[in-house]
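Coordinates from coords25.csv are shown below (CSV, C-alpha atoms and all ligand atoms).
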```csv
chain,number,residue,atom,x,y,z
A,193,MET,CA,-29.2,34.7,-42.8
A,194,LYS,CA,-27.1,31.9,-41.3
A,195,LYS,CA,-25.2,33.0,-38.2
A,196,LYS,CA,-21.5,33.0,-38.5
A,197,SER,CA,-20.0,29.9,-36.9
A,198,LEU,CA,-17.4,30.4,-34.1
A,199,ARG,CA,-14.2,28.4,-34.0
A,200,ILE,CA,-12.2,28.2,-30.8
A,201,LEU,CA,-8.8,26.8,-30.2
A,202,GLY,CA,-8.8,25.1,-26.8
A,203,ILE,CA,-5.6,24.4,-24.7
A,204,GLU,CA,-5.5,22.1,-21.7
A,205,SER,CA,-2.5,21.4,-19.5
A,206,SER,CA,-4.0,21.1,-16.0
A,207,CYS,CA,-2.5,17.7,-15.1
A,208,ASP,CA,-0.5,15.1,-17.1
A,209,GLU,CA,-1.9,15.6,-20.6
A,210,THR,CA,-0.9,18.4,-22.9
A,211,ALA,CA,-3.8,18.9,-25.3
A,212,ALA,CA,-5.0,21.3,-28.0
A,213,ALA,CA,-8.2,21.2,-30.2
A,214,VAL,CA,-10.2,23.2,-32.6
A,215,VAL,CA,-14.0,23.1,-32.0
A,216,GLU,CA,-16.8,24.9,-33.9
A,217,ASP,CA,-19.9,26.3,-32.2
A,218,GLY,CA,-19.2,24.3,-29.0
A,219,ARG,CA,-20.0,21.0,-30.6
A,220,VAL,CA,-18.1,20.0,-33.8
A,221,ILE,CA,-14.5,18.8,-33.3
A,222,HIS,CA,-12.2,19.7,-36.2
A,223,SER,CA,-9.1,18.4,-34.4
A,224,SER,CA,-8.1,17.1,-31.0
A,225,VAL,CA,-4.5,16.4,-30.2
A,226,ILE,CA,-3.4,14.9,-26.8
A,227,ALA,CA,0.2,14.3,-25.7
A,228,SER,CA,0.0,12.0,-22.7
A,229,GLN,CA,2.7,11.9,-20.0
A,230,VAL,CA,1.3,8.7,-18.5
A,231,ASP,CA,4.5,6.6,-19.2
A,232,LEU,CA,6.6,9.3,-17.6
A,233,HIS,CA,4.6,9.3,-14.3
A,234,ALA,CA,3.8,5.5,-14.2
A,235,LYS,CA,7.1,4.7,-12.5
A,236,PHE,CA,6.1,7.1,-9.6
A,237,GLY,CA,2.6,5.6,-9.4
A,238,GLY,CA,1.1,9.0,-9.8
A,239,VAL,CA,1.6,12.5,-11.3
A,240,TYR,CA,4.9,14.1,-10.3
A,241,PRO,CA,4.0,17.8,-10.6
A,242,GLU,CA,7.5,19.2,-11.3
A,243,LEU,CA,8.1,16.8,-14.2
A,244,ALA,CA,4.6,17.4,-15.5
A,245,SER,CA,5.1,21.2,-16.0
A,246,ARG,CA,8.5,20.7,-17.6
A,247,GLU,CA,7.0,18.1,-20.0
A,248,HIS,CA,4.2,20.5,-20.9
A,249,ILE,CA,6.8,23.2,-21.9
A,250,LYS,CA,8.5,20.7,-24.1
A,251,VAL,CA,5.5,19.7,-26.2
A,252,ILE,CA,2.9,22.4,-26.0
A,253,ASP,CA,4.0,24.3,-29.2
A,254,THR,CA,4.0,21.2,-31.3
A,255,VAL,CA,0.6,20.0,-29.9
A,256,ILE,CA,-1.0,23.3,-30.8
A,257,GLN,CA,0.6,23.4,-34.3
A,258,ASP,CA,-0.7,19.8,-34.9
A,259,ALA,CA,-4.2,20.8,-33.7
A,260,LEU,CA,-4.3,23.7,-36.1
A,261,GLN,CA,-2.8,21.7,-39.0
A,262,GLN,CA,-5.3,18.8,-38.5
A,263,ALA,CA,-8.1,21.3,-38.5
A,264,TYR,CA,-6.7,22.8,-41.7
A,265,MET,CA,-6.8,26.2,-40.0
A,266,GLN,CA,-4.5,29.0,-39.1
A,267,LEU,CA,-4.8,31.6,-36.3
A,268,ARG,CA,-6.6,33.9,-38.6
A,269,ASP,CA,-9.4,31.3,-39.0
A,270,LEU,CA,-10.2,31.4,-35.2
A,271,ASP,CA,-12.6,33.5,-33.2
A,272,ALA,CA,-11.1,32.9,-29.7
A,273,ILE,CA,-8.6,31.0,-27.7
A,274,ALA,CA,-9.7,29.0,-24.6
A,275,VAL,CA,-7.4,27.6,-22.0
A,276,THR,CA,-7.9,25.7,-18.7
A,277,ARG,CA,-7.4,28.1,-15.9
A,278,GLY,CA,-8.0,25.7,-13.1
A,279,PRO,CA,-8.5,23.6,-11.1
A,280,GLY,CA,-5.2,21.6,-11.5
A,281,LEU,CA,-1.5,21.7,-10.8
A,282,ALA,CA,-0.4,25.4,-10.7
A,283,GLY,CA,2.9,24.8,-12.5
A,284,SER,CA,1.1,22.9,-15.3
A,285,LEU,CA,-1.7,25.4,-15.6
A,286,VAL,CA,0.7,28.2,-16.0
A,287,VAL,CA,2.3,26.6,-19.1
A,288,GLY,CA,-1.1,26.5,-20.9
A,289,VAL,CA,-2.3,29.9,-19.8
A,290,ASN,CA,0.9,31.7,-20.7
A,291,THR,CA,1.0,30.0,-24.1
A,292,ALA,CA,-2.6,30.9,-24.7
A,293,LYS,CA,-2.0,34.5,-23.7
A,294,ALA,CA,0.9,34.9,-26.0
A,295,MET,CA,-1.2,33.5,-28.9
A,296,ALA,CA,-4.2,35.7,-28.1
A,297,MET,CA,-2.0,38.8,-28.0
A,298,THR,CA,-0.2,38.0,-31.2
A,299,ALA,CA,-3.4,37.2,-33.1
A,300,ASN,CA,-5.5,39.8,-31.4
A,301,LEU,CA,-8.1,37.2,-30.3
A,302,PRO,CA,-10.3,37.1,-27.2
A,303,ILE,CA,-9.0,34.7,-24.5
A,304,ILE,CA,-11.3,32.7,-22.2
A,305,GLY,CA,-10.1,31.0,-19.1
A,306,ILE,CA,-12.1,27.8,-18.5
A,307,ASN,CA,-12.8,25.7,-15.5
A,308,HIS,CA,-11.6,22.2,-16.1
A,309,LEU,CA,-14.7,20.6,-14.5
A,310,GLU,CA,-17.0,22.8,-16.7
A,311,GLY,CA,-15.0,21.4,-19.6
A,312,HIS,CA,-15.7,17.8,-18.6
A,313,LEU,CA,-19.4,18.6,-18.5
A,314,TYR,CA,-19.3,20.1,-22.0
A,315,SER,CA,-17.6,17.1,-23.4
A,316,ALA,CA,-21.1,15.6,-23.6
A,317,TRP,CA,-22.0,18.1,-26.3
A,318,LEU,CA,-19.1,17.2,-28.6
A,319,TYR,CA,-18.9,15.1,-31.8
A,320,GLU,CA,-16.4,14.7,-34.6
A,321,ALA,CA,-16.8,16.8,-37.7
A,322,ASP,CA,-16.9,13.8,-39.9
A,323,SER,CA,-19.5,11.9,-37.9
A,324,LYS,CA,-23.3,12.1,-37.5
A,325,PRO,CA,-24.3,15.0,-35.2
A,326,LEU,CA,-25.3,13.9,-31.7
A,327,MET,CA,-28.5,14.8,-29.9
A,328,GLU,CA,-27.9,17.8,-27.7
A,329,PRO,CA,-28.4,17.2,-23.9
A,330,LYS,CA,-31.7,18.6,-22.6
A,331,PHE,CA,-32.1,20.7,-19.5
A,332,PRO,CA,-32.7,20.4,-16.6
A,333,LEU,CA,-30.1,17.7,-16.3
A,334,ILE,CA,-28.2,15.9,-13.7
A,335,ALA,CA,-24.5,15.6,-14.4
A,336,LEU,CA,-22.3,13.0,-12.7
A,337,LEU,CA,-18.7,14.2,-13.0
A,338,VAL,CA,-16.2,11.6,-11.9
A,339,SER,CA,-12.4,12.1,-12.5
A,340,GLY,CA,-9.1,11.6,-10.8
A,341,GLY,CA,-9.6,14.7,-8.6
A,342,HIS,CA,-13.4,15.1,-8.4
A,343,SER,CA,-16.7,13.2,-7.9
A,344,GLU,CA,-19.6,15.7,-8.2
A,345,LEU,CA,-23.3,15.7,-8.7
A,346,VAL,CA,-24.3,18.8,-10.5
A,347,LEU,CA,-27.8,20.1,-11.5
A,348,MET,CA,-27.7,22.2,-14.7
A,349,ARG,CA,-30.9,24.1,-15.5
A,350,GLY,CA,-29.4,25.8,-18.5
A,351,HIS,CA,-26.0,26.5,-20.1
A,352,LEU,CA,-23.3,27.8,-17.7
A,353,ASN,CA,-25.8,27.1,-14.8
A,354,TYR,CA,-24.3,24.8,-12.2
A,355,GLN,CA,-25.9,23.9,-8.9
A,356,HIS,CA,-23.5,21.7,-6.9
A,357,LEU,CA,-25.6,19.1,-5.2
A,358,GLY,CA,-22.8,17.1,-3.5
A,359,GLY,CA,-19.4,15.7,-3.9
A,360,THR,CA,-16.9,13.4,-2.4
A,361,ILE,CA,-16.0,13.9,1.2
A,362,ASP,CA,-12.7,12.0,0.9
A,363,ASP,CA,-11.3,10.3,-2.2
A,364,ALA,CA,-12.5,11.1,-5.7
A,365,ALA,CA,-13.8,8.0,-7.7
A,366,GLY,CA,-10.8,8.0,-10.0
A,367,GLU,CA,-8.4,8.5,-7.0
A,368,ALA,CA,-10.0,5.4,-5.4
A,369,PHE,CA,-9.4,3.4,-8.6
A,370,ASP,CA,-5.8,4.6,-8.6
A,371,LYS,CA,-5.2,3.8,-4.9
A,372,VAL,CA,-6.8,0.3,-5.1
A,373,ALA,CA,-4.8,-0.5,-8.2
A,374,ARG,CA,-1.6,0.4,-6.3
A,375,LEU,CA,-2.5,-1.9,-3.5
A,376,LEU,CA,-3.3,-4.7,-5.9
A,377,ASN,CA,0.1,-4.0,-7.6
A,378,LEU,CA,-1.6,-2.9,-10.9
A,379,THR,CA,-0.1,-0.2,-13.0
A,380,TYR,CA,-0.9,3.6,-13.0
A,381,PRO,CA,-3.4,4.9,-14.0
A,382,GLY,CA,-5.5,2.6,-11.9
A,383,GLY,CA,-8.9,2.9,-13.7
A,384,PRO,CA,-8.0,1.1,-16.9
A,385,SER,CA,-5.9,-1.5,-15.0
A,386,ILE,CA,-8.7,-2.3,-12.6
A,387,GLN,CA,-11.1,-2.5,-15.5
A,388,LYS,CA,-8.8,-4.9,-17.3
A,389,ALA,CA,-8.3,-7.1,-14.2
A,390,ALA,CA,-12.0,-7.0,-13.4
A,391,ALA,CA,-12.9,-8.4,-16.8
A,392,GLU,CA,-11.5,-11.8,-15.6
A,393,GLY,CA,-13.1,-11.6,-12.1
A,394,ASN,CA,-16.4,-12.2,-10.3
A,395,PRO,CA,-18.0,-8.9,-9.2
A,396,SER,CA,-20.0,-10.7,-6.5
A,397,ALA,CA,-16.9,-12.4,-5.0
A,398,TYR,CA,-16.6,-9.8,-2.2
A,399,ASN,CA,-19.3,-7.7,-0.7
A,400,PHE,CA,-17.4,-4.5,0.1
A,401,PRO,CA,-19.4,-2.0,2.3
A,402,LYS,CA,-21.0,1.0,0.8
A,403,ALA,CA,-20.8,4.3,2.7
A,404,ARG,CA,-23.9,5.6,4.4
A,405,LEU,CA,-23.8,9.3,4.5
A,406,SER,CA,-26.2,11.8,6.1
A,407,GLU,CA,-26.0,14.1,3.1
A,408,PRO,CA,-27.8,12.4,0.3
A,409,TRP,CA,-25.7,13.7,-2.6
A,410,ASN,CA,-22.3,13.2,-1.2
A,411,PHE,CA,-19.9,10.4,-1.9
A,412,SER,CA,-17.3,8.6,0.2
A,413,PHE,CA,-14.9,6.0,-1.2
A,414,SER,CA,-12.2,5.8,1.5
A,415,GLY,CA,-14.2,3.2,3.5
A,416,LEU,CA,-14.4,1.0,0.4
A,417,LYS,CA,-10.7,1.5,-0.3
A,418,THR,CA,-9.9,0.5,3.3
A,419,ALA,CA,-12.1,-2.6,3.1
A,420,VAL,CA,-10.1,-3.7,0.0
A,421,LEU,CA,-6.8,-3.0,1.9
A,422,ARG,CA,-8.0,-5.1,4.9
A,423,THR,CA,-9.1,-8.0,2.7
A,424,VAL,CA,-5.7,-8.0,0.8
A,425,GLU,CA,-3.8,-7.9,4.2
A,426,GLU,CA,-5.8,-10.8,5.6
A,427,ILE,CA,-5.3,-12.9,2.5
A,428,LYS,CA,-1.6,-12.2,2.5
A,429,ALA,CA,-1.3,-13.0,6.2
A,430,SER,CA,-2.8,-16.4,5.6
A,431,ASN,CA,-0.2,-17.0,2.9
A,432,LYS,CA,-2.7,-17.3,0.1
A,433,ASP,CA,-2.5,-15.7,-3.4
A,434,VAL,CA,-4.4,-12.5,-3.7
A,435,PRO,CA,-7.3,-13.0,-6.1
A,436,VAL,CA,-6.7,-9.8,-7.9
A,437,ALA,CA,-9.3,-10.2,-10.6
A,438,ASP,CA,-12.1,-10.9,-8.1
A,439,ILE,CA,-11.1,-8.0,-5.8
A,440,ALA,CA,-10.9,-5.6,-8.8
A,441,ALA,CA,-14.3,-6.8,-10.1
A,442,SER,CA,-16.0,-6.5,-6.7
A,443,PHE,CA,-14.4,-3.1,-6.0
A,444,GLN,CA,-15.4,-1.8,-9.4
A,445,ALA,CA,-19.0,-3.1,-8.9
A,446,GLY,CA,-19.2,-1.3,-5.6
A,447,VAL,CA,-18.1,2.0,-7.1
A,448,VAL,CA,-20.4,1.7,-10.1
A,449,ALA,CA,-23.4,0.8,-7.9
A,450,THR,CA,-22.8,3.9,-5.7
A,451,LEU,CA,-22.4,6.3,-8.6
A,452,PHE,CA,-25.3,4.9,-10.5
A,453,ASP,CA,-27.8,4.8,-7.6
A,454,LYS,CA,-27.0,8.4,-6.4
A,455,THR,CA,-27.2,9.8,-9.9
A,456,MET,CA,-30.6,8.1,-10.4
A,457,ASP,CA,-31.9,9.4,-7.1
A,458,ALA,CA,-30.8,12.9,-7.9
A,459,ALA,CA,-32.4,12.7,-11.4
A,460,ARG,CA,-35.7,11.7,-9.8
A,461,GLU,CA,-35.5,14.2,-7.0
A,462,PHE,CA,-34.7,17.2,-9.2
A,463,LYS,CA,-37.0,16.1,-12.1
A,464,ALA,CA,-34.2,16.0,-14.6
A,465,ALA,CA,-35.0,15.5,-18.3
A,466,GLU,CA,-31.7,13.8,-19.0
A,467,ILE,CA,-28.4,12.7,-17.5
A,468,ILE,CA,-24.7,13.4,-18.3
A,469,VAL,CA,-21.9,11.2,-17.1
A,470,ALA,CA,-18.4,12.7,-17.7
A,471,GLY,CA,-14.8,12.8,-16.5
A,472,GLY,CA,-12.1,10.1,-16.7
A,473,VAL,CA,-14.0,7.5,-14.8
A,474,SER,CA,-16.8,7.7,-17.3
A,475,ALA,CA,-14.5,5.8,-19.6
A,476,ASN,CA,-15.2,2.8,-17.4
A,477,LYS,CA,-17.0,0.0,-19.2
A,478,ALA,CA,-19.0,-1.3,-16.3
A,479,LEU,CA,-20.2,2.3,-15.5
A,480,ARG,CA,-21.1,3.0,-19.1
A,481,GLU,CA,-23.0,-0.3,-19.3
A,482,ALA,CA,-25.0,0.4,-16.1
A,483,PHE,CA,-26.1,3.8,-17.4
A,484,CYS,CA,-26.9,2.4,-20.8
A,485,SER,CA,-28.9,-0.6,-19.8
A,486,GLN,CA,-30.3,0.0,-16.3
A,487,THR,CA,-32.3,3.2,-16.8
A,488,LYS,CA,-34.9,4.7,-19.1
A,489,TYR,CA,-33.4,8.1,-18.8
A,490,LYS,CA,-31.5,9.4,-21.9
A,491,VAL,CA,-27.9,9.3,-20.7
A,492,HIS,CA,-25.2,11.3,-22.5
A,493,ILE,CA,-21.7,9.8,-22.0
A,494,PRO,CA,-18.9,11.2,-24.2
A,495,ALA,CA,-16.9,9.0,-26.5
A,496,ILE,CA,-14.0,7.3,-24.6
A,497,SER,CA,-11.4,9.7,-26.0
A,498,LEU,CA,-13.4,12.6,-24.6
A,499,CYS,CA,-13.8,11.2,-21.1
A,500,THR,CA,-10.2,11.7,-20.0
A,501,ASP,CA,-8.5,15.0,-20.2
A,502,ASN,CA,-8.6,16.7,-23.6
A,503,ALA,CA,-8.8,20.2,-25.0
A,504,ALA,CA,-11.9,19.8,-27.2
A,505,MET,CA,-14.0,20.0,-24.0
A,506,ILE,CA,-12.3,23.3,-23.1
A,507,ALA,CA,-13.0,24.8,-26.5
A,508,GLY,CA,-16.5,23.5,-26.3
A,509,ALA,CA,-17.3,25.1,-22.9
A,510,ALA,CA,-15.7,28.4,-24.0
A,511,TYR,CA,-18.2,28.7,-26.9
A,512,TYR,CA,-21.1,29.2,-24.4
A,513,HIS,CA,-19.1,32.0,-22.6
A,514,LEU,CA,-18.1,33.6,-25.9
A,515,ILE,CA,-21.7,33.9,-27.1
A,516,GLU,CA,-22.6,35.6,-23.8
A,517,GLY,CA,-19.9,38.1,-24.5
A,518,GLN,CA,-17.6,36.8,-21.7
A,519,ALA,CA,-13.9,36.9,-22.2
A,520,ASP,CA,-10.9,37.5,-19.9
A,521,GLU,CA,-8.3,40.3,-19.6
A,522,LEU,CA,-4.8,39.2,-20.5
A,523,ASN,CA,-3.6,39.5,-16.9
A,524,PHE,CA,-5.8,36.7,-15.4
A,525,ASP,CA,-4.1,34.2,-13.2
A,526,VAL,CA,-4.3,30.5,-12.9
A,527,GLN,CA,-6.8,29.1,-10.3
A,528,PRO,CA,-5.4,25.8,-9.0
A,529,THR,CA,-8.5,25.3,-6.7
A,530,TRP,CA,-11.7,26.6,-8.4
A,531,PRO,CA,-15.0,25.0,-7.5
A,532,LEU,CA,-17.5,24.7,-10.3
A,533,ALA,CA,-20.1,26.5,-8.3
A,534,GLU,CA,-18.0,29.7,-8.4
A,535,VAL,CA,-17.8,29.7,-12.2
A,536,ALA,CA,-21.1,31.2,-13.2
B,1,LIG,O1,-10.6,13.3,-16.1
B,1,LIG,P1,-9.3,12.7,-16.0
B,1,LIG,O2,-8.5,12.3,-17.2
B,1,LIG,O3,-8.3,13.7,-15.1
B,1,LIG,C1,-8.8,14.4,-14.1
B,1,LIG,O4,-9.4,15.5,-14.3
B,1,LIG,O5,-8.6,13.9,-12.9
B,1,LIG,O6,-9.5,11.5,-15.0
B,1,LIG,C2,-8.4,10.6,-14.7
B,1,LIG,C3,-9.0,9.5,-13.8
B,1,LIG,C4,-7.9,8.6,-13.2
B,1,LIG,O7,-8.1,8.5,-11.8
B,1,LIG,C5,-8.1,7.3,-13.9
B,1,LIG,O8,-7.7,6.2,-13.1
B,1,LIG,C6,-9.6,7.3,-14.2
B,1,LIG,O9,-9.8,8.7,-14.5
B,1,LIG,N1,-9.9,6.5,-15.3
B,1,LIG,C7,-10.7,5.4,-15.1
B,1,LIG,C8,-10.8,4.7,-16.4
B,1,LIG,N2,-10.0,5.5,-17.3
B,1,LIG,C9,-9.5,6.5,-16.6
B,1,LIG,N3,-11.4,4.9,-14.1
B,1,LIG,C10,-12.1,3.8,-14.2
B,1,LIG,N4,-12.2,3.1,-15.4
B,1,LIG,C11,-11.5,3.5,-16.5
B,1,LIG,N5,-11.6,2.9,-17.7
B,2,ZN,ZN,-10.0,16.0,-16.0
```
Rewrite the structure of this file - the entire thing - as structure tokens.
Ligand code: KG4
Ligand code: ZN
Amino acid sequence: MKKKSLRILGIESSCDETAAAVVEDGRVIHSSVIASQVDLHAKFGGVYPELASREHIKVIDTVIQDALQQAYMQLRDLDAIAVTRGPGLAGSLVVGVNTAKAMAMTANLPIIGINHLEGHLYSAWLYEADSKPLMEPKFPLIALLVSGGHSELVLMRGHLNYQHLGGTIDDAAGEAFDKVARLLNLTYPGGPSIQKAAAEGNPSAYNFPKARLSEPWNFSFSGLKTAVLRTVEEIKASNKDVPVADIAASFQAGVVATLFDKTMDAAREFKAAEIIVAGGVSANKALREAFCSQTKYKVHIPAISLCTDNAAMIAGAAYYHLIEGQADELNFDVQPTWPLAEVA
């Protein structure tokens, strides 16, 4: 007998995207709706927390209704509600979690609070309902998780099994993109702006230094950022035009080389079968190209729309908890800081 499929409504509001999605069996996306606040925060050059939570409140109901409608489903067609519990901005998380609780209570459905980083990892399992099924990632795998708030190397020996190998000791990779974009007068968010500027530049124009760390699996990007700052200051002091494209391309090449080399070293060291690259920075074209062309490992990188924050990844991760019989009581709280290692 075919096992009953499980459909989960995911809700994500940890930062500046309000999102809802319906995903079946942790893999098949029936809908994924994202309301971005990027334009609202761009004038501040970063996310303004108070504004973010108020914006979530304004749009969350519509986003969820749209996700259900686009999946041709109603609450009674669902098996659970999943919501990002952390890490993220407390005031923003509360909006998603309270909405999810109200829905779970009304529809008498189990609720599952999901770690946002775990969600990013599970974005590698997702594909659209109307597209060809993707190959499922094979364990043991090394996951490189690079977003605005995190840069982590994780060893997964099975589902929901996370061994934190290392992470950034200062700026996250996405944060470095955002900060360097700001000092080059490029718009927020920095990743896409740097990528665009870099397309016109020479990645070998500047040889920015790479951090040497005693811990093999840790990252550091603040030295690279400072080197860019010094270069820009020196050029300005000599009254020359700042070669934005060359600096952007050289910076991007430095970040990509560091991320790629460490991930490959970890894959070899821990005898990984495959690799996952996920999180907002995995939308970066140069990073994707490096992982697609410079290694024989099978590398799973989510579709661009699933790299940055979305709710499909939250519903996807929740499936693996649900089939283990894991759900939360209705009184659980948000967890603004919540390391992935403490999830399982
Ligand atoms: O995963 P995400 O949407 O949110 C967090 O969980 O932080 O990641 C956002 C980060 C931002 O720092 C943004 O600049 C970066 O991802 N990002 C990129 C690109 N698109 C987004 N970085 C490099 N290249 C991109 N194309
Ligand atoms: Zn994220």
For Cys484 in chain A, find every residue with an atom within 12 Å (counting all atoms listed in the file), except residues of its own chain fewer than 3 positions away, and show them as a list in words. Phe452, Ile467, Ile468, Val469, Ser474, Lys477, Ala478, Leu479, Arg480, Glu481, Thr487, Lys488, Tyr489, Lys490, Val491, His492 and Ile493 of chain A
If you count only C-alpha atoms and all ligand atoms, which residues end up within 12 Å of ligand ZN 2 (chain B), as a VMD selection string? chain A and resid 204 to 211 276 278 to 281 307 to 315 337 to 343 364 366 to 367 470 to 475 497 to 506
For the residues in that selection, give me C-alpha atoms as a JSON list (two decimals), keeping the file's coordinate frame.
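File out18.json, as written:
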```json
[["chain", "number", "residue", "atom", "x", "y", "z"],
["A", 204, "GLU", "CA", -5.50, 22.10, -21.70],
["A", 205, "SER", "CA", -2.50, 21.40, -19.50],
["A", 206, "SER", "CA", -4.00, 21.10, -16.00],
["A", 207, "CYS", "CA", -2.50, 17.70, -15.10],
["A", 208, "ASP", "CA", -0.50, 15.10, -17.10],
["A", 209, "GLU", "CA", -1.90, 15.60, -20.60],
["A", 210, "THR", "CA", -0.90, 18.40, -22.90],
["A", 211, "ALA", "CA", -3.80, 18.90, -25.30],
["A", 276, "THR", "CA", -7.90, 25.70, -18.70],
["A", 278, "GLY", "CA", -8.00, 25.70, -13.10],
["A", 279, "PRO", "CA", -8.50, 23.60, -11.10],
["A", 280, "GLY", "CA", -5.20, 21.60, -11.50],
["A", 281, "LEU", "CA", -1.50, 21.70, -10.80],
["A", 307, "ASN", "CA", -12.80, 25.70, -15.50],
["A", 308, "HIS", "CA", -11.60, 22.20, -16.10],
["A", 309, "LEU", "CA", -14.70, 20.60, -14.50],
["A", 310, "GLU", "CA", -17.00, 22.80, -16.70],
["A", 311, "GLY", "CA", -15.00, 21.40, -19.60],
["A", 312, "HIS", "CA", -15.70, 17.80, -18.60],
["A", 313, "LEU", "CA", -19.40, 18.60, -18.50],
["A", 314, "TYR", "CA", -19.30, 20.10, -22.00],
["A", 315, "SER", "CA", -17.60, 17.10, -23.40],
["A", 337, "LEU", "CA", -18.70, 14.20, -13.00],
["A", 338, "VAL", "CA", -16.20, 11.60, -11.90],
["A", 339, "SER", "CA", -12.40, 12.10, -12.50],
["A", 340, "GLY", "CA", -9.10, 11.60, -10.80],
["A", 341, "GLY", "CA", -9.60, 14.70, -8.60],
["A", 342, "HIS", "CA", -13.40, 15.10, -8.40],
["A", 343, "SER", "CA", -16.70, 13.20, -7.90],
["A", 364, "ALA", "CA", -12.50, 11.10, -5.70],
["A", 366, "GLY", "CA", -10.80, 8.00, -10.00],
["A", 367, "GLU", "CA", -8.40, 8.50, -7.00],
["A", 470, "ALA", "CA", -18.40, 12.70, -17.70],
["A", 471, "GLY", "CA", -14.80, 12.80, -16.50],
["A", 472, "GLY", "CA", -12.10, 10.10, -16.70],
["A", 473, "VAL", "CA", -14.00, 7.50, -14.80],
["A", 474, "SER", "CA", -16.80, 7.70, -17.30],
["A", 475, "ALA", "CA", -14.50, 5.80, -19.60],
["A", 497, "SER", "CA", -11.40, 9.70, -26.00],
["A", 498, "LEU", "CA", -13.40, 12.60, -24.60],
["A", 499, "CYS", "CA", -13.80, 11.20, -21.10],
["A", 500, "THR", "CA", -10.20, 11.70, -20.00],
["A", 501, "ASP", "CA", -8.50, 15.00, -20.20],
["A", 502, "ASN", "CA", -8.60, 16.70, -23.60],
["A", 503, "ALA", "CA", -8.80, 20.20, -25.00],
["A", 504, "ALA", "CA", -11.90, 19.80, -27.20],
["A", 505, "MET", "CA", -14.00, 20.00, -24.00],
["A", 506, "ILE", "CA", -12.30, 23.30, -23.10]]
```
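The space between CA of Lys195 in chain A and CA of Ala465 in chain A spans 28.3 Å.
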Looking at A:Ala510, A:Met348, A:Ile334, A:Ile226, which one is nearest to ligand LIG 1 (chain B), with distances taken over all atoms listed in the file? A:Ile226
For a quick check of understanding, using all atoms listed in the file, which of A:Ser228, A:Thr418, A:Ser245, A:Gln257 has the smallest distance to ligand LIG 1 (chain B)? A:Ser228
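The space between CA of Leu378 in chain A and CA of Ala441 in chain A spans 13.3 Å.
Closest approach to ligand LIG 1 (chain B) among A:Ala403, A:Ala429, A:Val255, A:Ile386 is made by A:Ile386 (distances from all atoms listed in the file).
Each of A:Leu201, A:Gly283, A:Asp269, A:Pro408 was compared to Glu242 in chain A using all atoms listed in the file, and A:Gly283 turns out to be the nearest.
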